[in-house]
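Novice: File coords.cif below, mmCIF, C-alpha atoms:
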```cif
data_structure
loop_
_atom_site.group_PDB
_atom_site.id
_atom_site.type_symbol
_atom_site.label_atom_id
_atom_site.label_comp_id
_atom_site.auth_asym_id
_atom_site.auth_seq_id
_atom_site.Cartn_x
_atom_site.Cartn_y
_atom_site.Cartn_z
ATOM 1 C CA MET F 1 -7.348 2.430 -16.837
ATOM 2 C CA SER F 2 -6.934 -1.194 -15.759
ATOM 3 C CA TYR F 3 -3.585 -2.448 -14.576
ATOM 4 C CA GLN F 4 -1.419 -3.697 -17.419
ATOM 5 C CA HIS F 5 1.584 -5.135 -15.643
ATOM 6 C CA ILE F 6 1.516 -6.304 -12.046
ATOM 7 C CA LEU F 7 4.748 -7.069 -10.245
ATOM 8 C CA PHE F 8 4.476 -9.556 -7.395
ATOM 9 C CA ALA F 9 7.378 -8.941 -5.029
ATOM 10 C CA ALA F 10 7.894 -12.356 -3.494
ATOM 11 C CA ASP F 11 9.689 -13.316 -0.379
ATOM 12 C CA PHE F 12 9.696 -16.943 0.688
ATOM 13 C CA SER F 13 7.821 -16.508 3.952
ATOM 14 C CA GLU F 14 4.729 -18.473 4.846
ATOM 15 C CA GLY F 15 2.563 -15.626 3.615
ATOM 16 C CA ALA F 16 3.973 -15.605 0.087
ATOM 17 C CA LEU F 17 1.221 -17.799 -1.336
ATOM 18 C CA GLN F 18 -1.460 -15.544 0.121
ATOM 19 C CA VAL F 19 0.159 -12.474 -1.441
ATOM 20 C CA GLY F 20 0.584 -14.238 -4.769
ATOM 21 C CA GLU F 21 -3.062 -15.318 -4.825
ATOM 22 C CA ARG F 22 -4.106 -11.722 -4.275
ATOM 23 C CA ALA F 23 -1.885 -10.561 -7.129
ATOM 24 C CA LYS F 24 -3.513 -13.170 -9.383
ATOM 25 C CA GLU F 25 -6.965 -12.047 -8.333
ATOM 26 C CA ILE F 26 -6.230 -8.430 -9.223
ATOM 27 C CA ALA F 27 -4.669 -9.431 -12.541
ATOM 28 C CA ARG F 28 -7.466 -11.770 -13.652
ATOM 29 C CA PRO F 29 -10.346 -9.453 -14.630
ATOM 30 C CA SER F 30 -8.191 -7.231 -16.816
ATOM 31 C CA GLY F 31 -5.886 -9.972 -18.070
ATOM 32 C CA ALA F 32 -2.909 -7.990 -16.809
ATOM 33 C CA ARG F 33 0.572 -9.387 -17.232
ATOM 34 C CA LEU F 34 1.812 -10.732 -13.882
ATOM 35 C CA SER F 35 5.528 -11.085 -13.158
ATOM 36 C CA LEU F 36 7.375 -12.323 -10.088
ATOM 37 C CA ILE F 37 10.444 -10.753 -8.595
ATOM 38 C CA HIS F 38 12.648 -11.732 -5.688
ATOM 39 C CA VAL F 39 15.514 -9.563 -4.549
ATOM 40 C CA VAL F 40 18.732 -10.975 -3.177
ATOM 41 C CA GLU F 41 20.361 -8.259 -1.132
ATOM 42 C CA ASP F 42 24.041 -7.826 -1.846
ATOM 43 C CA VAL F 43 26.319 -9.548 0.592
ATOM 44 C CA ASN F 44 28.938 -6.943 1.329
ATOM 45 C CA ILE F 45 32.081 -8.731 2.295
ATOM 46 C CA GLY F 46 34.827 -6.172 2.332
ATOM 47 C CA LEU F 47 37.818 -8.188 1.176
ATOM 48 C CA GLY F 48 41.013 -7.404 2.996
ATOM 49 C CA GLY F 49 39.128 -5.777 5.822
ATOM 50 C CA GLY F 50 40.012 -8.192 8.606
ATOM 51 C CA TYR F 51 37.906 -11.130 7.475
ATOM 52 C CA GLU F 52 40.733 -13.657 7.561
ATOM 53 C CA LEU F 53 38.574 -16.079 9.507
ATOM 54 C CA LEU F 54 35.943 -16.457 6.787
ATOM 55 C CA PRO F 55 35.712 -19.968 5.454
ATOM 56 C CA VAL F 56 36.784 -20.567 1.891
ATOM 57 C CA LEU F 57 33.640 -20.499 -0.221
ATOM 58 C CA SER F 58 33.275 -22.688 -3.246
ATOM 59 C CA GLU F 59 31.471 -19.888 -5.039
ATOM 60 C CA LEU F 60 30.674 -16.280 -4.360
ATOM 61 C CA PRO F 61 27.858 -15.987 -1.804
ATOM 62 C CA ASP F 62 25.737 -13.787 -4.063
ATOM 63 C CA GLN F 63 25.798 -16.414 -6.780
ATOM 64 C CA ALA F 64 24.845 -19.209 -4.406
ATOM 65 C CA LEU F 65 22.007 -17.149 -2.930
ATOM 66 C CA SER F 66 20.738 -16.183 -6.364
ATOM 67 C CA GLN F 67 20.680 -19.785 -7.486
ATOM 68 C CA GLU F 68 18.746 -20.817 -4.392
ATOM 69 C CA ALA F 69 16.358 -17.926 -4.920
ATOM 70 C CA ARG F 70 15.725 -18.878 -8.549
ATOM 71 C CA THR F 71 14.808 -22.386 -7.454
ATOM 72 C CA ALA F 72 12.538 -21.128 -4.672
ATOM 73 C CA LEU F 73 10.867 -18.564 -6.943
ATOM 74 C CA GLY F 74 10.243 -21.222 -9.572
ATOM 75 C CA ALA F 75 8.647 -23.468 -6.937
ATOM 76 C CA LEU F 76 6.472 -20.633 -5.669
ATOM 77 C CA ALA F 77 5.359 -19.754 -9.204
ATOM 78 C CA GLU F 78 4.427 -23.359 -9.843
ATOM 79 C CA LYS F 79 2.356 -23.568 -6.654
ATOM 80 C CA LEU F 80 0.505 -20.458 -7.796
ATOM 81 C CA GLY F 81 -0.090 -21.824 -11.269
ATOM 82 C CA LEU F 82 2.178 -19.116 -12.644
ATOM 83 C CA LYS F 83 5.080 -21.090 -13.988
ATOM 84 C CA ASP F 84 4.760 -19.421 -17.373
ATOM 85 C CA ALA F 85 4.966 -15.948 -15.823
ATOM 86 C CA GLU F 86 8.199 -14.023 -16.001
ATOM 87 C CA GLN F 87 10.380 -14.569 -12.952
ATOM 88 C CA TRP F 88 13.197 -12.289 -12.014
ATOM 89 C CA VAL F 89 15.813 -12.748 -9.324
ATOM 90 C CA VAL F 90 17.816 -9.579 -8.985
ATOM 91 C CA ASN F 91 20.726 -8.523 -6.829
ATOM 92 C CA ALA F 92 20.454 -5.089 -5.277
ATOM 93 C CA PRO F 93 21.771 -3.218 -2.267
ATOM 94 C CA SER F 94 18.288 -3.399 -0.722
ATOM 95 C CA THR F 95 15.000 -5.160 -1.426
ATOM 96 C CA LYS F 96 13.376 -1.799 -2.002
ATOM 97 C CA GLU F 97 15.882 -0.779 -4.655
ATOM 98 C CA GLY F 98 15.584 -4.111 -6.413
ATOM 99 C CA ILE F 99 11.795 -3.981 -6.561
ATOM 100 C CA LEU F 100 11.594 -0.338 -7.609
ATOM 101 C CA GLY F 101 14.319 -0.773 -10.219
ATOM 102 C CA ALA F 102 12.432 -3.680 -11.775
ATOM 103 C CA ALA F 103 9.112 -1.834 -11.613
ATOM 104 C CA LYS F 104 10.649 1.073 -13.536
ATOM 105 C CA GLU F 105 12.557 -1.043 -16.005
ATOM 106 C CA HIS F 106 9.599 -3.246 -16.883
ATOM 107 C CA GLY F 107 6.890 -0.596 -16.660
ATOM 108 C CA ALA F 108 4.875 -2.146 -13.840
ATOM 109 C CA ASP F 109 1.808 -0.157 -12.836
ATOM 110 C CA LEU F 110 1.129 -2.104 -9.633
ATOM 111 C CA ILE F 111 3.494 -3.666 -7.131
ATOM 112 C CA VAL F 112 1.972 -6.298 -4.836
ATOM 113 C CA VAL F 113 3.936 -6.895 -1.667
ATOM 114 C CA GLY F 114 3.306 -8.641 1.643
ATOM 115 C CA SER F 115 2.918 -6.648 4.815
ATOM 116 C CA HIS F 116 3.790 -8.397 8.044
ATOM 117 C CA GLY F 117 2.289 -5.876 10.427
ATOM 118 C CA ARG F 118 5.440 -5.247 12.366
ATOM 119 C CA HIS F 119 5.522 -3.643 15.743
ATOM 120 C CA GLY F 120 8.063 -1.982 17.970
ATOM 121 C CA LEU F 121 11.597 -1.815 16.711
ATOM 122 C CA ALA F 122 10.842 -3.560 13.432
ATOM 123 C CA LEU F 123 8.244 -0.894 12.729
ATOM 124 C CA LEU F 124 10.755 1.819 13.471
ATOM 125 C CA LEU F 125 13.268 0.246 11.142
ATOM 126 C CA GLY F 126 10.610 0.045 8.490
ATOM 127 C CA SER F 127 9.235 -2.794 6.442
ATOM 128 C CA THR F 128 9.685 -3.633 2.796
ATOM 129 C CA ALA F 129 6.096 -2.620 2.062
ATOM 130 C CA ASN F 130 6.732 0.722 3.650
ATOM 131 C CA ALA F 131 10.000 1.279 1.830
ATOM 132 C CA VAL F 132 8.462 0.333 -1.504
ATOM 133 C CA LEU F 133 5.564 2.683 -0.920
ATOM 134 C CA HIS F 134 7.930 5.592 -0.383
ATOM 135 C CA GLY F 135 9.704 5.357 -3.690
ATOM 136 C CA ALA F 136 7.228 3.621 -5.956
ATOM 137 C CA PRO F 137 6.559 5.114 -9.379
ATOM 138 C CA CYS F 138 3.228 3.296 -9.437
ATOM 139 C CA ASP F 139 0.467 1.905 -7.223
ATOM 140 C CA VAL F 140 1.351 -0.425 -4.354
ATOM 141 C CA LEU F 141 -0.923 -3.074 -2.860
ATOM 142 C CA ALA F 142 0.256 -4.164 0.579
ATOM 143 C CA VAL F 143 -1.307 -7.509 1.434
ATOM 144 C CA ARG F 144 -1.641 -8.065 5.168
ATOM 145 C CA ILE F 145 -0.240 -11.477 5.960
ATOM 146 C CA ARG F 146 -2.303 -13.380 8.499
ATOM 147 C CA MET K 1 -11.068 -14.794 -1.244
ATOM 148 C CA SER K 2 -12.282 -11.701 -3.115
ATOM 149 C CA TYR K 3 -12.580 -8.403 -1.321
ATOM 150 C CA GLN K 4 -15.966 -7.982 0.336
ATOM 151 C CA HIS K 5 -15.824 -4.414 1.632
ATOM 152 C CA ILE K 6 -13.545 -1.758 0.195
ATOM 153 C CA LEU K 7 -13.067 1.492 2.044
ATOM 154 C CA PHE K 8 -12.078 4.472 -0.123
ATOM 155 C CA ALA K 9 -10.306 6.985 2.107
ATOM 156 C CA ALA K 10 -11.061 10.234 0.337
ATOM 157 C CA ASP K 11 -9.358 13.550 0.643
ATOM 158 C CA PHE K 12 -10.507 16.398 -1.555
ATOM 159 C CA SER K 13 -7.294 16.864 -3.511
ATOM 160 C CA GLU K 14 -7.123 16.863 -7.285
ATOM 161 C CA GLY K 15 -6.187 13.180 -7.234
ATOM 162 C CA ALA K 16 -9.271 12.034 -5.339
ATOM 163 C CA LEU K 17 -11.193 11.104 -8.492
ATOM 164 C CA GLN K 18 -8.293 8.998 -9.731
ATOM 165 C CA VAL K 19 -8.119 7.118 -6.430
ATOM 166 C CA GLY K 20 -11.883 6.629 -6.371
ATOM 167 C CA GLU K 21 -11.906 5.264 -9.910
ATOM 168 C CA ARG K 22 -9.298 2.722 -8.901
ATOM 169 C CA ALA K 23 -11.331 1.681 -5.887
ATOM 170 C CA LYS K 24 -14.333 1.178 -8.183
ATOM 171 C CA GLU K 25 -12.280 -0.888 -10.587
ATOM 172 C CA ILE K 26 -11.096 -3.213 -7.819
ATOM 173 C CA ALA K 27 -14.627 -3.547 -6.417
ATOM 174 C CA ARG K 28 -16.352 -4.218 -9.744
ATOM 175 C CA PRO K 29 -15.357 -7.828 -10.630
ATOM 176 C CA SER K 30 -16.268 -9.219 -7.210
ATOM 177 C CA GLY K 31 -19.216 -6.912 -6.587
ATOM 178 C CA ALA K 32 -17.600 -5.791 -3.340
ATOM 179 C CA ARG K 33 -19.307 -3.183 -1.207
ATOM 180 C CA LEU K 34 -17.569 0.168 -1.595
ATOM 181 C CA SER K 35 -17.793 2.853 1.085
ATOM 182 C CA LEU K 36 -16.308 6.330 1.281
ATOM 183 C CA ILE K 37 -14.735 7.874 4.316
ATOM 184 C CA HIS K 38 -13.304 11.296 4.993
ATOM 185 C CA VAL K 39 -11.649 12.171 8.273
ATOM 186 C CA VAL K 40 -11.883 15.586 9.837
ATOM 187 C CA GLU K 41 -8.989 15.905 12.230
ATOM 188 C CA ASP K 42 -9.972 17.262 15.605
ATOM 189 C CA VAL K 43 -9.337 20.940 16.069
ATOM 190 C CA ASN K 44 -7.756 21.113 19.490
ATOM 191 C CA ILE K 45 -8.598 24.456 20.946
ATOM 192 C CA GLY K 46 -7.671 24.325 24.574
ATOM 193 C CA LEU K 47 -10.306 26.509 26.159
ATOM 194 C CA GLY K 48 -9.019 28.706 28.880
ATOM 195 C CA GLY K 49 -5.467 28.278 27.737
ATOM 196 C CA GLY K 50 -4.794 31.838 26.708
ATOM 197 C CA TYR K 51 -6.949 31.960 23.609
ATOM 198 C CA GLU K 52 -8.826 35.085 24.613
ATOM 199 C CA LEU K 53 -8.212 36.600 21.188
ATOM 200 C CA LEU K 54 -10.080 33.897 19.291
ATOM 201 C CA PRO K 55 -13.073 35.250 17.385
ATOM 202 C CA VAL K 56 -16.498 34.224 18.574
ATOM 203 C CA LEU K 57 -17.574 31.327 16.394
ATOM 204 C CA SER K 58 -21.169 30.797 15.450
ATOM 205 C CA GLU K 59 -20.662 27.064 15.829
ATOM 206 C CA LEU K 60 -17.879 24.793 16.983
ATOM 207 C CA PRO K 61 -15.167 24.520 14.319
ATOM 208 C CA ASP K 62 -15.373 20.722 14.202
ATOM 209 C CA GLN K 63 -19.057 20.906 13.370
ATOM 210 C CA ALA K 64 -18.517 23.449 10.604
ATOM 211 C CA LEU K 65 -15.687 21.420 9.126
ATOM 212 C CA SER K 66 -17.706 18.223 9.287
ATOM 213 C CA GLN K 67 -20.617 19.830 7.499
ATOM 214 C CA GLU K 68 -18.333 21.090 4.742
ATOM 215 C CA ALA K 69 -16.756 17.664 4.479
ATOM 216 C CA ARG K 70 -20.139 15.945 4.170
ATOM 217 C CA THR K 71 -21.027 18.225 1.289
ATOM 218 C CA ALA K 72 -17.685 17.682 -0.428
ATOM 219 C CA LEU K 73 -17.812 13.905 0.072
ATOM 220 C CA GLY K 74 -21.310 13.790 -1.373
ATOM 221 C CA ALA K 75 -20.163 15.741 -4.417
ATOM 222 C CA LEU K 76 -17.176 13.443 -4.901
ATOM 223 C CA ALA K 77 -19.380 10.341 -4.595
ATOM 224 C CA GLU K 78 -21.746 11.746 -7.199
ATOM 225 C CA LYS K 79 -18.909 12.445 -9.644
ATOM 226 C CA LEU K 80 -17.782 8.842 -9.226
ATOM 227 C CA GLY K 81 -21.277 7.456 -9.745
ATOM 228 C CA LEU K 82 -21.271 6.298 -6.133
ATOM 229 C CA LYS K 83 -23.960 8.420 -4.594
ATOM 230 C CA ASP K 84 -25.729 5.342 -3.242
ATOM 231 C CA ALA K 85 -22.569 4.133 -1.489
ATOM 232 C CA GLU K 86 -22.204 4.639 2.242
ATOM 233 C CA GLN K 87 -20.417 7.858 3.091
ATOM 234 C CA TRP K 88 -18.861 8.511 6.441
ATOM 235 C CA VAL K 89 -17.382 11.719 7.748
ATOM 236 C CA VAL K 90 -15.664 11.025 11.042
ATOM 237 C CA ASN K 91 -13.827 13.158 13.547
ATOM 238 C CA ALA K 92 -10.609 11.717 14.874
ATOM 239 C CA PRO K 93 -7.341 12.926 16.373
ATOM 240 C CA SER K 94 -5.583 11.941 13.131
ATOM 241 C CA THR K 95 -6.574 10.832 9.635
ATOM 242 C CA LYS K 96 -4.879 7.518 10.255
ATOM 243 C CA GLU K 97 -6.901 6.816 13.397
ATOM 244 C CA GLY K 98 -10.148 7.768 11.698
ATOM 245 C CA ILE K 99 -9.527 5.499 8.715
ATOM 246 C CA LEU K 100 -8.321 2.540 10.753
ATOM 247 C CA GLY K 101 -11.147 2.900 13.250
ATOM 248 C CA ALA K 102 -13.725 2.821 10.463
ATOM 249 C CA ALA K 103 -11.987 -0.101 8.745
ATOM 250 C CA LYS K 104 -12.178 -2.116 11.948
ATOM 251 C CA GLU K 105 -15.694 -1.059 12.844
ATOM 252 C CA HIS K 106 -17.134 -1.828 9.435
ATOM 253 C CA GLY K 107 -15.005 -4.869 8.632
ATOM 254 C CA ALA K 108 -13.245 -3.475 5.571
ATOM 255 C CA ASP K 109 -10.800 -5.878 3.966
ATOM 256 C CA LEU K 110 -9.174 -3.294 1.689
ATOM 257 C CA ILE K 111 -8.413 0.377 2.245
ATOM 258 C CA VAL K 112 -7.762 2.430 -0.897
ATOM 259 C CA VAL K 113 -5.853 5.629 -0.267
ATOM 260 C CA GLY K 114 -4.040 8.168 -2.420
ATOM 261 C CA SER K 115 -0.277 8.425 -2.292
ATOM 262 C CA HIS K 116 1.212 11.759 -3.198
ATOM 263 C CA GLY K 117 4.813 10.662 -3.522
ATOM 264 C CA ARG K 118 6.206 13.078 -1.021
ATOM 265 C CA HIS K 119 9.850 13.956 -0.769
ATOM 266 C CA GLY K 120 12.151 15.517 1.749
ATOM 267 C CA LEU K 121 10.609 16.728 4.959
ATOM 268 C CA ALA K 122 7.108 15.578 4.052
ATOM 269 C CA LEU K 123 8.475 12.088 3.527
ATOM 270 C CA LEU K 124 10.172 12.188 6.906
ATOM 271 C CA LEU K 125 6.975 13.285 8.573
ATOM 272 C CA GLY K 126 5.152 10.500 6.824
ATOM 273 C CA SER K 127 2.127 10.405 4.614
ATOM 274 C CA THR K 128 -1.375 9.209 5.261
ATOM 275 C CA ALA K 129 -0.799 6.178 3.046
ATOM 276 C CA ASN K 130 2.239 5.319 5.073
ATOM 277 C CA ALA K 131 0.524 5.793 8.422
ATOM 278 C CA VAL K 132 -2.454 3.705 7.319
ATOM 279 C CA LEU K 133 -0.171 0.942 6.121
ATOM 280 C CA HIS K 134 1.491 0.732 9.528
ATOM 281 C CA GLY K 135 -1.633 0.065 11.510
ATOM 282 C CA ALA K 136 -4.029 -1.462 9.021
ATOM 283 C CA PRO K 137 -5.867 -4.630 10.001
ATOM 284 C CA CYS K 138 -6.363 -5.385 6.312
ATOM 285 C CA ASP K 139 -4.864 -4.851 2.854
ATOM 286 C CA VAL K 140 -3.982 -1.340 1.705
ATOM 287 C CA LEU K 141 -3.862 -0.122 -1.885
ATOM 288 C CA ALA K 142 -1.866 3.077 -2.227
ATOM 289 C CA VAL K 143 -2.776 4.765 -5.505
ATOM 290 C CA ARG K 144 -0.004 6.954 -6.841
ATOM 291 C CA ILE K 145 -1.492 10.305 -7.721
ATOM 292 C CA ARG K 146 -0.151 11.724 -10.994
#
```
Now, as a test, write the supplied structure out as structure tokens.

Specialist:
Amino acid sequence: MSYQHILFAADFSEGALQVGERAKEIARPSGARLSLIHVVEDVNIGLGGGYELLPVLSELPDQALSQEARTALGALAEKLGLKDAEQWVVNAPSTKEGILGAAKEHGADLIVVGSHGRHGLALLLGSTANAVLHGAPCDVLAVRIR
Amino acid sequence: MSYQHILFAADFSEGALQVGERAKEIARPSGARLSLIHVVEDVNIGLGGGYELLPVLSELPDQALSQEARTALGALAEKLGLKDAEQWVVNAPSTKEGILGAAKEHGADLIVVGSHGRHGLALLLGSTANAVLHGAPCDVLAVRIR
């Protein structure tokens, strides 16, 4: 009945620590496994599509972003006292797809995600928490970031 | 840091027990207060607007629905071993408004609500979990009903 595997969907906003602490708190009583994921959305540069003015990049942008994300996720995990937890940085077309794909693949039964309380246009466009809720195969805890 | 007051937003679907059990499980380690709420959406009968064919009702429909809901909520609380918990049946223009109003009024820091995993048109129209997430002043746990 208790959660077995909690997936903390981390961004690197100011609220990330608050969300991570909540994930830890839910995991603690049952000793649930707690993993961290950060999604790097695919950078879609259509080669040959009129992008002649792009600077020459020393490496592909996805790779550079993923490397930065791995470093940032490691730092966040350490701050949370979770450096031994599994940490995944995945590339996906959207944050939602990355989180849901990982939740399915690794059998998570709870996704913990920050909720920024958007208004106006941002609300209309939808938030990550909202998107995750729509497609989640499991429970979703949206932590209101203050 | 732990949740102090958890609000279980109950419908009377088959999944309600599952959602309630989850709310109990989250409340247990911290000894959080756990309250139940059910919203009866206002029945908007515009008097004098061409409803001459309506049957004569022995009481106002809202009152009848609220009484039924109080009975059903009491039965649900008893099944969950929560008959001593506070139980609120509120009338509101929408389920979302009723839940969020109660959360604000009673200082809930977590709302637990069932998520039915809708598809197609129902998804487009939005679910209660989704609506609650948008406006919530606090955390929201959406429990995926199986």

Novice: Determine the nearest neighbour of chain K from the options F:Arg33, F:His38, F:Arg22, F:His5, counting only C-alpha atoms.

Specialist: F:Arg22

Novice: Quick check, in Å to one decimal: how far apart do CA of Lys24 in chain F and CA of Gly114 in chain F lie?

Specialist: 13.7 Å

Novice: Phe8 in chain K: which residues within 7 Å, counting all atoms listed in the file, same-chain residues fewer than 4 positions away excluded, as a compact mmCIF listing (two decimals) with C-alpha atoms, keeping the file's coordinate frame?

Specialist:
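Generated file (out.txt):
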```txt
# COMPACT_ATOMS: atom_id res chain seq x y z
CA GLY K 20 -11.88 6.63 -6.37
CA ALA K 23 -11.33 1.68 -5.89
CA SER K 35 -17.79 2.85 1.08
CA LEU K 36 -16.31 6.33 1.28
CA ILE K 37 -14.74 7.87 4.32
CA ILE K 111 -8.41 0.38 2.24
CA VAL K 112 -7.76 2.43 -0.90
CA VAL K 113 -5.85 5.63 -0.27
```

Novice: For the structure shown, which residues end up in the PyMOL selection byres ((chain F) within 7 of (chain K))? Put them as a PDB file with C-alpha atoms, in the frame of the given file, please?

Specialist:
```pdb
ATOM      1  CA  PRO F  29     -10.346  -9.453 -14.630  1.00  0.00           C
ATOM      2  CA  GLY F 117       2.289  -5.876  10.427  1.00  0.00           C
ATOM      3  CA  ASN F 130       6.732   0.722   3.650  1.00  0.00           C
ATOM      4  CA  HIS F 134       7.930   5.592  -0.383  1.00  0.00           C
ATOM      5  CA  CYS F 138       3.228   3.296  -9.437  1.00  0.00           C
ATOM      6  CA  ASP F 139       0.467   1.905  -7.223  1.00  0.00           C
ATOM      7  CA  VAL F 140       1.351  -0.425  -4.354  1.00  0.00           C
ATOM      8  CA  LEU F 141      -0.923  -3.074  -2.860  1.00  0.00           C
ATOM      9  CA  ALA F 142       0.256  -4.164   0.579  1.00  0.00           C
ATOM     10  CA  VAL F 143      -1.307  -7.509   1.434  1.00  0.00           C
ATOM     11  CA  ARG F 144      -1.641  -8.065   5.168  1.00  0.00           C
TER      12      ARG F 144
END
```

Novice: I'd like to see the residues matched by the PyMOL selection byres ((chain K and resi 64-78) around 12) on this file, and ideally I'd get them as a ChimeraX atom specification.

Specialist: /K:8-21,23-24,34-43,57-63,79-92

Novice: In Å, with one decimal, what is the gap from CA of Leu7 in chain F to CA of Ala108 in chain F?

Specialist: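 The value is 6.1 Å.
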